[in-house]
Structure formats: C-alpha cells, structure tokens
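Structure data (mmCIF, N, CA and C atoms) from run-v9.cif:
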```
data_run
#
loop_
_atom_site.label_atom_id
_atom_site.label_comp_id
_atom_site.auth_asym_id
_atom_site.auth_seq_id
_atom_site.Cartn_x
_atom_site.Cartn_y
_atom_site.Cartn_z
N MET A 1 -3.32 -1.95 5.02
CA MET A 1 -3.63 -2.02 3.61
C MET A 1 -2.53 -1.37 2.77
N LEU A 2 -2.05 -0.21 3.24
CA LEU A 2 -0.98 0.45 2.50
C LEU A 2 0.28 -0.40 2.48
N GLY A 3 0.51 -1.13 3.56
CA GLY A 3 1.68 -2.01 3.62
C GLY A 3 1.61 -3.11 2.57
N LEU A 4 0.43 -3.66 2.38
CA LEU A 4 0.25 -4.69 1.36
C LEU A 4 0.44 -4.13 -0.05
N LEU A 5 -0.10 -2.95 -0.27
CA LEU A 5 0.08 -2.30 -1.57
C LEU A 5 1.56 -1.99 -1.82
N SER A 6 2.24 -1.56 -0.77
CA SER A 6 3.67 -1.28 -0.88
C SER A 6 4.43 -2.55 -1.24
N ALA A 7 4.14 -3.64 -0.54
CA ALA A 7 4.82 -4.91 -0.83
C ALA A 7 4.54 -5.36 -2.26
N GLY A 8 3.31 -5.20 -2.71
CA GLY A 8 2.95 -5.57 -4.07
C GLY A 8 3.73 -4.76 -5.11
N GLN A 9 3.88 -3.47 -4.85
CA GLN A 9 4.62 -2.62 -5.78
C GLN A 9 6.11 -2.98 -5.79
N LEU A 10 6.65 -3.33 -4.63
CA LEU A 10 8.05 -3.71 -4.56
C LEU A 10 8.30 -5.04 -5.27
N ILE A 11 7.35 -5.95 -5.17
CA ILE A 11 7.46 -7.21 -5.91
C ILE A 11 7.36 -6.95 -7.41
N ALA A 12 6.43 -6.07 -7.79
CA ALA A 12 6.30 -5.72 -9.21
C ALA A 12 7.59 -5.09 -9.73
N TRP A 13 8.20 -4.22 -8.92
CA TRP A 13 9.47 -3.61 -9.33
C TRP A 13 10.54 -4.67 -9.56
N ALA A 14 10.66 -5.58 -8.59
CA ALA A 14 11.69 -6.61 -8.71
C ALA A 14 11.49 -7.47 -9.96
N ASN A 15 10.25 -7.84 -10.21
CA ASN A 15 9.96 -8.66 -11.39
C ASN A 15 10.25 -7.90 -12.69
N ARG A 16 9.79 -6.66 -12.76
CA ARG A 16 10.01 -5.86 -13.97
C ARG A 16 11.49 -5.60 -14.20
N TRP A 17 12.19 -5.28 -13.13
CA TRP A 17 13.62 -5.00 -13.27
C TRP A 17 14.36 -6.25 -13.73
N TYR A 18 14.06 -7.38 -13.10
CA TYR A 18 14.76 -8.62 -13.44
C TYR A 18 14.51 -9.02 -14.89
N VAL A 19 13.25 -9.00 -15.31
CA VAL A 19 12.92 -9.40 -16.68
C VAL A 19 13.58 -8.45 -17.68
N THR A 20 13.51 -7.16 -17.44
CA THR A 20 14.12 -6.20 -18.35
C THR A 20 15.63 -6.39 -18.40
N GLU A 21 16.23 -6.60 -17.25
CA GLU A 21 17.68 -6.80 -17.20
C GLU A 21 18.09 -8.06 -17.96
N GLN A 22 17.34 -9.14 -17.79
CA GLN A 22 17.67 -10.39 -18.47
C GLN A 22 17.47 -10.26 -19.98
N LEU A 23 16.39 -9.62 -20.39
CA LEU A 23 16.17 -9.43 -21.83
C LEU A 23 17.24 -8.54 -22.44
N ALA A 24 17.62 -7.51 -21.73
CA ALA A 24 18.65 -6.60 -22.24
C ALA A 24 19.97 -7.33 -22.43
N ARG A 25 20.28 -8.24 -21.52
CA ARG A 25 21.54 -8.99 -21.64
C ARG A 25 21.47 -10.06 -22.72
N SER A 26 20.32 -10.75 -22.80
CA SER A 26 20.24 -11.85 -23.75
C SER A 26 20.05 -11.37 -25.19
N LEU A 27 19.37 -10.24 -25.35
CA LEU A 27 19.11 -9.75 -26.70
C LEU A 27 20.07 -8.63 -27.09
N GLY A 28 21.06 -8.38 -26.25
CA GLY A 28 21.99 -7.27 -26.44
C GLY A 28 22.15 -6.85 -27.89
N SER A 29 21.67 -5.68 -28.17
CA SER A 29 21.69 -5.19 -29.55
C SER A 29 22.12 -3.73 -29.55
N GLU A 30 22.67 -3.33 -30.62
CA GLU A 30 23.06 -1.93 -30.79
C GLU A 30 21.93 -1.12 -31.42
N ASP A 31 20.81 -1.78 -31.67
CA ASP A 31 19.67 -1.13 -32.30
C ASP A 31 19.11 -0.04 -31.39
N ALA A 32 18.90 1.13 -31.93
CA ALA A 32 18.40 2.27 -31.15
C ALA A 32 16.99 2.01 -30.63
N ASP A 33 16.15 1.34 -31.43
CA ASP A 33 14.80 1.05 -30.98
C ASP A 33 14.82 0.12 -29.78
N PHE A 34 15.73 -0.84 -29.78
CA PHE A 34 15.85 -1.75 -28.65
C PHE A 34 16.29 -1.01 -27.39
N ALA A 35 17.22 -0.08 -27.56
CA ALA A 35 17.69 0.71 -26.41
C ALA A 35 16.55 1.54 -25.82
N VAL A 36 15.72 2.10 -26.67
CA VAL A 36 14.57 2.88 -26.20
C VAL A 36 13.60 1.98 -25.46
N TRP A 37 13.37 0.79 -25.98
CA TRP A 37 12.47 -0.17 -25.35
C TRP A 37 12.97 -0.54 -23.95
N VAL A 38 14.26 -0.82 -23.83
CA VAL A 38 14.85 -1.17 -22.53
C VAL A 38 14.73 0.02 -21.58
N TYR A 39 15.01 1.21 -22.06
CA TYR A 39 14.89 2.40 -21.22
C TYR A 39 13.46 2.58 -20.71
N GLU A 40 12.48 2.40 -21.58
CA GLU A 40 11.07 2.54 -21.17
C GLU A 40 10.69 1.49 -20.15
N ARG A 41 11.13 0.26 -20.33
CA ARG A 41 10.82 -0.81 -19.37
C ARG A 41 11.46 -0.52 -18.01
N MET A 42 12.69 -0.03 -18.03
CA MET A 42 13.37 0.31 -16.77
C MET A 42 12.67 1.48 -16.07
N ALA A 43 12.19 2.43 -16.85
CA ALA A 43 11.46 3.55 -16.26
C ALA A 43 10.19 3.06 -15.58
N LEU A 44 9.49 2.13 -16.19
CA LEU A 44 8.29 1.55 -15.57
C LEU A 44 8.64 0.78 -14.31
N ALA A 45 9.74 0.06 -14.35
CA ALA A 45 10.17 -0.70 -13.17
C ALA A 45 10.48 0.25 -12.01
N HIS A 46 11.19 1.32 -12.30
CA HIS A 46 11.56 2.24 -11.23
C HIS A 46 10.37 3.09 -10.76
N GLU A 47 9.39 3.24 -11.61
CA GLU A 47 8.15 3.90 -11.17
C GLU A 47 7.46 3.05 -10.12
N ALA A 48 7.45 1.73 -10.32
CA ALA A 48 6.87 0.82 -9.33
C ALA A 48 7.67 0.86 -8.03
N LEU A 49 9.00 0.98 -8.14
CA LEU A 49 9.85 1.08 -6.94
C LEU A 49 9.50 2.34 -6.15
N LEU A 50 9.42 3.45 -6.83
CA LEU A 50 9.10 4.71 -6.16
C LEU A 50 7.73 4.66 -5.50
N THR A 51 6.76 4.11 -6.21
CA THR A 51 5.41 3.99 -5.65
C THR A 51 5.43 3.11 -4.41
N GLY A 52 6.15 1.99 -4.48
CA GLY A 52 6.24 1.09 -3.33
C GLY A 52 6.87 1.74 -2.12
N VAL A 53 7.92 2.50 -2.34
CA VAL A 53 8.59 3.18 -1.23
C VAL A 53 7.68 4.24 -0.62
N ILE A 54 7.02 5.01 -1.46
CA ILE A 54 6.11 6.05 -0.95
C ILE A 54 4.97 5.42 -0.15
N LEU A 55 4.39 4.35 -0.67
CA LEU A 55 3.32 3.67 0.07
C LEU A 55 3.83 3.09 1.39
N GLY A 56 5.05 2.58 1.39
CA GLY A 56 5.63 2.05 2.62
C GLY A 56 5.84 3.13 3.66
N VAL A 57 6.34 4.28 3.23
CA VAL A 57 6.54 5.40 4.16
C VAL A 57 5.19 5.89 4.70
N ALA A 58 4.19 5.95 3.83
CA ALA A 58 2.85 6.37 4.28
C ALA A 58 2.29 5.38 5.29
N ALA A 59 2.47 4.09 5.04
CA ALA A 59 1.98 3.06 5.97
C ALA A 59 2.68 3.18 7.32
N ALA A 60 3.99 3.37 7.31
CA ALA A 60 4.73 3.49 8.56
C ALA A 60 4.33 4.75 9.33
N THR A 61 4.10 5.83 8.60
CA THR A 61 3.69 7.08 9.24
C THR A 61 2.32 6.94 9.89
N LEU A 62 1.39 6.33 9.17
CA LEU A 62 0.05 6.13 9.74
C LEU A 62 0.08 5.16 10.92
N LEU A 63 0.92 4.15 10.85
CA LEU A 63 1.05 3.21 11.95
C LEU A 63 1.59 3.91 13.19
N ALA A 64 2.61 4.74 13.02
CA ALA A 64 3.18 5.47 14.15
C ALA A 64 2.19 6.47 14.73
N ALA A 65 1.45 7.16 13.85
CA ALA A 65 0.45 8.12 14.32
C ALA A 65 -0.66 7.40 15.08
N GLY A 66 -1.09 6.26 14.58
CA GLY A 66 -2.13 5.49 15.27
C GLY A 66 -1.67 5.00 16.62
N ALA A 67 -0.43 4.54 16.70
CA ALA A 67 0.11 4.07 17.98
C ALA A 67 0.21 5.23 18.97
N ARG A 68 0.60 6.38 18.49
CA ARG A 68 0.71 7.55 19.38
C ARG A 68 -0.66 7.98 19.89
N LEU A 69 -1.66 7.98 19.00
CA LEU A 69 -3.01 8.35 19.43
C LEU A 69 -3.55 7.34 20.43
N ASP A 70 -3.27 6.06 20.20
CA ASP A 70 -3.73 5.03 21.11
C ASP A 70 -3.06 5.18 22.47
N ALA A 71 -1.78 5.50 22.49
CA ALA A 71 -1.07 5.70 23.76
C ALA A 71 -1.64 6.90 24.51
N ARG A 72 -1.98 7.95 23.79
CA ARG A 72 -2.60 9.13 24.45
C ARG A 72 -3.94 8.77 25.05
N ALA A 73 -4.74 7.98 24.33
CA ALA A 73 -6.05 7.59 24.85
C ALA A 73 -5.90 6.74 26.11
N VAL A 74 -4.96 5.82 26.11
CA VAL A 74 -4.73 4.98 27.29
C VAL A 74 -4.28 5.84 28.45
N ARG A 75 -3.34 6.76 28.21
CA ARG A 75 -2.85 7.64 29.27
C ARG A 75 -3.98 8.50 29.83
N ARG A 76 -4.83 9.02 28.94
CA ARG A 76 -5.95 9.84 29.38
C ARG A 76 -6.91 9.03 30.25
N ASP A 77 -7.18 7.79 29.85
CA ASP A 77 -8.07 6.94 30.64
C ASP A 77 -7.46 6.62 32.00
N LEU A 78 -6.16 6.38 32.05
CA LEU A 78 -5.50 6.10 33.33
C LEU A 78 -5.54 7.30 34.25
N LEU A 79 -5.33 8.50 33.69
CA LEU A 79 -5.39 9.71 34.52
C LEU A 79 -6.81 9.96 35.02
N ARG A 80 -7.79 9.70 34.20
CA ARG A 80 -9.18 9.88 34.60
C ARG A 80 -9.54 8.90 35.72
N ASP A 81 -9.08 7.64 35.61
CA ASP A 81 -9.35 6.65 36.64
C ASP A 81 -8.63 6.99 37.93
N ALA A 82 -7.47 7.61 37.85
CA ALA A 82 -6.71 7.97 39.04
C ALA A 82 -7.39 9.11 39.79
N ASP A 83 -8.11 9.98 39.10
CA ASP A 83 -8.80 11.11 39.73
C ASP A 83 -10.02 10.67 40.50
N VAL A 84 -10.56 9.54 40.17
CA VAL A 84 -11.82 9.09 40.78
C VAL A 84 -11.61 8.58 42.16
#
```

Represent the structure contained in this file as structure tokens.
Amino acid sequence: MLGLLSAGQLIAWANRWYVTEQLARSLGSEDADFAVWVYERMALAHEALLTGVILGVAAATLLAAGARLDARAVRRDLLRDADV
C-alpha cells in the first residue's frame, strides 16, 4: 500500500513540476507576484517529491523487515522439524 502511495506522490510531483515549469517558461514575466506564484507551485511540487520518497523508503523498509521475519519463521520451523 505504501508503495502505491509513493508512486502516486511521485507522479503528482512530476505533473506539478512539469506544469509549473511550462507555465513559467511560457508566461515568463518579471512581475514579482508571478515569481512568488511560481515559487509556491514549485514548493508544492517538491513537497510531493519528498513525501513520495519517504513513503518509498518506508515501503522498502517494511518489505525488508517482513521478508526477514518470514525467513526467521521458516528457519525456526525447519529446526523444529529437524529435532523431531
């Protein structure tokens, strides 16, 4: 689930970044209000990037921890069967 959320956030980042970048280039203005608007949009885009990366790291960590716990359970069952 975290992996899907991570992918969604990374897609949102790419879309936000691309749209903001294209608007900034096409509407290129020296207006201070426009510069603030572009800065705010880029900040939102990079917030989505950071969230996506954090969710991805959390998903990978949980996946690795689950695999390790599963390997321990299998090893424990094999040792128990060998003792019988």

Query raised in the report: Could you pull the residues within 6 Å of range 36-53 of chain A, counting all atoms listed in the file, minus those fewer than 5 positions along the same chain, as a PyMOL selection string?
Result: chain A and resi 5-7+9-10+12-13+16-17+58

**Report entry** Matched chain/residue IDs from the PyMOL selection byres (((chain A and resi 2 and name CA) around 7) and name CA), as a PyMOL selection string
**Finding:** chain A and resi 1+3-6+55-56+59

Query raised in the report: What separation in Å, quoted to one decimal, exists between CA of Arg25 in chain A and CA of Ile54 in chain A?
Result: 29.9 Å

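Note that atom C of Arg80 in chain A and atom C of Arg68 in chain A are 18.2 Å apart.
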